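See structure below.
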Amino acid sequence: HELMNLVGRGALIALLPILRTVGGTQSRSVAFSTAPSALFASSCSSVAGRGTVSRASSVSWALAFACAVPSLRPTSAVRSHSSAASSCSARMEVVQFPCLSDNYGYLLHCTETGATAAIDTPEVDPYLDQLSTKGWKLSHILNTHHHHDHAGGNLGLKGATNCHIVGPKGEASKIPGIDTAVDQGDTVKVGNLVGQVINVGGHTKGHVAYYFDKLGIAFVGDALFAMGCGRMFEGTYDQMYASMQRLAALPDETAIYCAHEYTQANGKFAMSVEPGNEALQKRIKEVADLRSKGVPTVPTSIKLEKATNPFLRWESAEIKKKFGLEGSDGLAVFSECRKRKDSF
C-alpha cells in the first residue's frame, strides 16, 4: 500500500513483471540499490515533459534485476506475465542507470563468477559509481556501435579497470580500445552468461545486439526503441528492415533493453500513423503516467513492440492505408514509415 501511494496504481501495475516473485525453480527476485522513495523520485520537475532523465538523478535510482530463470519477463508495460521456462544455470543481475541527457547505462553481472559487462559506455563516472556501489569489477565492455554516446567511455573505463572490449566487426576501426570484433552468429561470454550476437545494422552499418537467450534479455543499442527504431545514419532501408525482422523473430517474452528514453516522442509518431490501434492508445496513456513519475519505460518486450511499434507493424492494414501502400510488401511499408519519422 505504501508503494502504491508513492508511485500510483498505474506505475505499480507497470512494475509487476519486475516486482513479482514466484518460488521454486521458476523464481525471479528483485533487489533495489536504493530505497523505493529514491528509486521513483524525479530529480527534475520537467523530466516528464521532456521525456528524459537528468544527469543529477544518476545516483538516485538504479534497477537491479536478479533472476534464476527467465520465467517472469516483461511482455507488457502494464501486466505481469509468467511462462514456463527451462532452468538457467547462471544467475545474473542487470543494473540500469541514466547517463548523459537521455541514455541508459547497463551493467550485466554474473553472480556465479563475478564477471561484469558494461553494455555501451556513454560516460565513465556513472559506471564507476555503480561498480563501486555494487562492489563489482568490470571485466568486459560490449559495444553495440561506434557512436560517441555508446563508446565514448571505452578508454576511460579500460584504463580504470583493464577490461576486455568487444565490439562490432563491421566498425571495429571506430571502436576505441577494441580487443575482440564480433558479428552475426558469434557468441560472447560474461562469466557463465552466454550471449548471441545479432547483426542489426542500419542505424550504423555494423551495429550489433547481444541476445542472452537463456536469460530472455537482449541489449539492442539504438537499433530498436520502445515504439521506435534508430534513425538510419549509415545503412540502407533493406538492411534496417532485415534487422527489424531479426529482432521481431525473438521470443515474444524477450525483454528489450534499448539505449535511450525516447518512448513518449516515439509514441506521438506511432499515434500519427496508426491512431486506431487500441493497444497503442492504452500504452500512450500508461507511458505518460510512468514518465510523470520519473519511472523508466525501458525495458520493453518483443510482444509489446509487435503490438504497438509501427516499425514492426509492416502488416498493419491501417498503416498501409495511411501510407497508400495497400498490397505492398513489408519493406515498402517499413521504408515509408522510416522516411516519415525522419521529418516528423
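Simple scheme: letters A, B, ... for chains in C-alpha cells order, numbers from 1 for residues in each chain, numbers from 1 for ligands in the order shown.
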
* To do: Could you give me the residues within segment 169-321 of chain A that DSSP places in helix (DSSP H, G or I), as a PyMOL selection string?
  => chain A and resi 169-174+237-248+263-273+278-292+302-308+310-312+317-321

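Counting from atom CA of Tyr106 of chain A, the distance to atom CA of Lys189 of chain A is 16.0 Å.
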
* To do: Within 8 Å of segment 134-145 of chain A, counting only C-alpha atoms, which residues show up once you throw out same-chain ones fewer than 2 positions away? Write them as a PyMOL selection string, please.
  => chain A and resi 114-121+130-132+147+150-151+154+161-168+171+175+190+204+206-210+220-221

Quick one: residues within 9 Å of segment 308-323 of chain A, only C-alpha atoms, excluding same-chain residues fewer than 5 positions away - as a compact mmCIF listing (two decimals) with N, CA and C atoms, in the first residue's frame?
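Output saved as around00.txt:
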```txt
# COMPACT_ATOMS: atom_id res chain seq x y z
N LEU A 224 16.53 -0.80 -32.00
CA LEU A 224 15.10 -0.82 -31.70
C LEU A 224 14.85 -0.05 -30.41
N PHE A 225 13.83 0.81 -30.44
CA PHE A 225 13.41 1.54 -29.25
C PHE A 225 11.98 1.16 -28.89
N ALA A 226 11.56 1.58 -27.70
CA ALA A 226 10.16 1.44 -27.34
C ALA A 226 9.33 2.32 -28.28
N MET A 227 8.51 1.68 -29.11
CA MET A 227 7.67 2.33 -30.11
C MET A 227 8.47 3.04 -31.20
N GLY A 228 9.72 2.67 -31.40
CA GLY A 228 10.52 3.32 -32.42
C GLY A 228 11.68 2.47 -32.88
N CYS A 229 12.50 3.01 -33.78
CA CYS A 229 13.75 2.38 -34.18
C CYS A 229 14.76 3.48 -34.47
N TYR A 241 15.46 -3.00 -42.44
CA TYR A 241 14.27 -3.85 -42.41
C TYR A 241 14.64 -5.28 -42.02
N MET A 244 15.19 -5.38 -38.33
CA MET A 244 13.94 -5.40 -37.58
C MET A 244 13.30 -6.78 -37.63
N GLN A 245 13.42 -7.46 -38.75
CA GLN A 245 12.87 -8.81 -38.87
C GLN A 245 13.59 -9.77 -37.91
N ALA A 248 12.30 -8.97 -34.42
CA ALA A 248 10.90 -9.38 -34.28
C ALA A 248 10.75 -10.89 -34.16
N ASN A 266 8.42 8.86 -29.42
CA ASN A 266 8.10 7.81 -30.38
C ASN A 266 6.61 7.51 -30.42
N GLY A 267 5.98 7.57 -29.26
CA GLY A 267 4.55 7.30 -29.19
C GLY A 267 3.73 8.31 -29.97
N PHE A 269 4.60 9.81 -32.74
CA PHE A 269 4.66 9.43 -34.15
C PHE A 269 3.81 8.19 -34.40
N ALA A 270 3.91 7.20 -33.52
CA ALA A 270 3.14 5.98 -33.70
C ALA A 270 1.65 6.27 -33.79
N MET A 271 1.17 7.17 -32.95
CA MET A 271 -0.25 7.54 -32.99
C MET A 271 -0.62 8.25 -34.28
N VAL A 273 0.41 7.54 -37.23
CA VAL A 273 0.29 6.62 -38.36
C VAL A 273 -0.68 5.47 -38.09
N GLU A 274 -1.03 5.23 -36.83
CA GLU A 274 -1.96 4.15 -36.50
C GLU A 274 -2.85 4.54 -35.33
N PRO A 275 -3.63 5.60 -35.48
CA PRO A 275 -4.43 6.10 -34.36
C PRO A 275 -5.52 5.14 -33.90
N GLY A 276 -5.91 4.19 -34.75
CA GLY A 276 -6.96 3.25 -34.39
C GLY A 276 -6.48 2.05 -33.60
N ASN A 277 -5.21 1.96 -33.33
CA ASN A 277 -4.63 0.83 -32.61
C ASN A 277 -4.93 0.98 -31.12
N GLU A 278 -5.84 0.15 -30.60
CA GLU A 278 -6.27 0.28 -29.21
C GLU A 278 -5.14 -0.03 -28.23
N ALA A 279 -4.31 -1.00 -28.57
CA ALA A 279 -3.18 -1.32 -27.70
C ALA A 279 -2.22 -0.13 -27.62
N LEU A 280 -2.04 0.55 -28.72
CA LEU A 280 -1.19 1.74 -28.75
C LEU A 280 -1.80 2.87 -27.93
N GLN A 281 -3.09 3.09 -28.08
CA GLN A 281 -3.77 4.14 -27.31
C GLN A 281 -3.58 3.92 -25.81
N ARG A 283 -1.22 2.14 -24.37
CA ARG A 283 0.19 2.27 -23.98
C ARG A 283 0.60 3.74 -23.85
N LYS A 303 6.93 -8.69 -27.51
CA LYS A 303 5.47 -8.79 -27.65
C LYS A 303 4.83 -7.41 -27.67
N SER A 328 1.27 -3.63 -50.70
CA SER A 328 2.73 -3.55 -50.79
C SER A 328 3.38 -4.49 -49.77
N ASP A 329 4.65 -4.79 -50.01
CA ASP A 329 5.36 -5.69 -49.09
C ASP A 329 5.85 -4.93 -47.86
N GLY A 330 6.38 -5.71 -46.90
CA GLY A 330 6.82 -5.14 -45.64
C GLY A 330 7.93 -4.13 -45.79
N LEU A 331 8.85 -4.36 -46.70
CA LEU A 331 9.95 -3.44 -46.91
C LEU A 331 9.46 -2.06 -47.32
N ALA A 332 8.49 -2.02 -48.22
CA ALA A 332 7.96 -0.73 -48.68
C ALA A 332 7.29 0.01 -47.54
N VAL A 333 6.54 -0.71 -46.71
CA VAL A 333 5.84 -0.09 -45.59
C VAL A 333 6.83 0.41 -44.55
N PHE A 334 7.82 -0.42 -44.21
CA PHE A 334 8.84 0.00 -43.25
C PHE A 334 9.59 1.23 -43.75
N SER A 335 9.98 1.21 -45.02
CA SER A 335 10.76 2.31 -45.58
C SER A 335 9.99 3.62 -45.52
N GLU A 336 8.71 3.58 -45.86
CA GLU A 336 7.89 4.79 -45.82
C GLU A 336 7.72 5.28 -44.38
N CYS A 337 7.58 4.33 -43.48
CA CYS A 337 7.46 4.68 -42.05
C CYS A 337 8.71 5.40 -41.56
N ARG A 338 9.88 4.88 -41.94
CA ARG A 338 11.13 5.49 -41.51
C ARG A 338 11.31 6.87 -42.14
```

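Interatomic distance, atom CA of Ser173 of chain A to atom CA of Lys205 of chain A: 12.6 Å.
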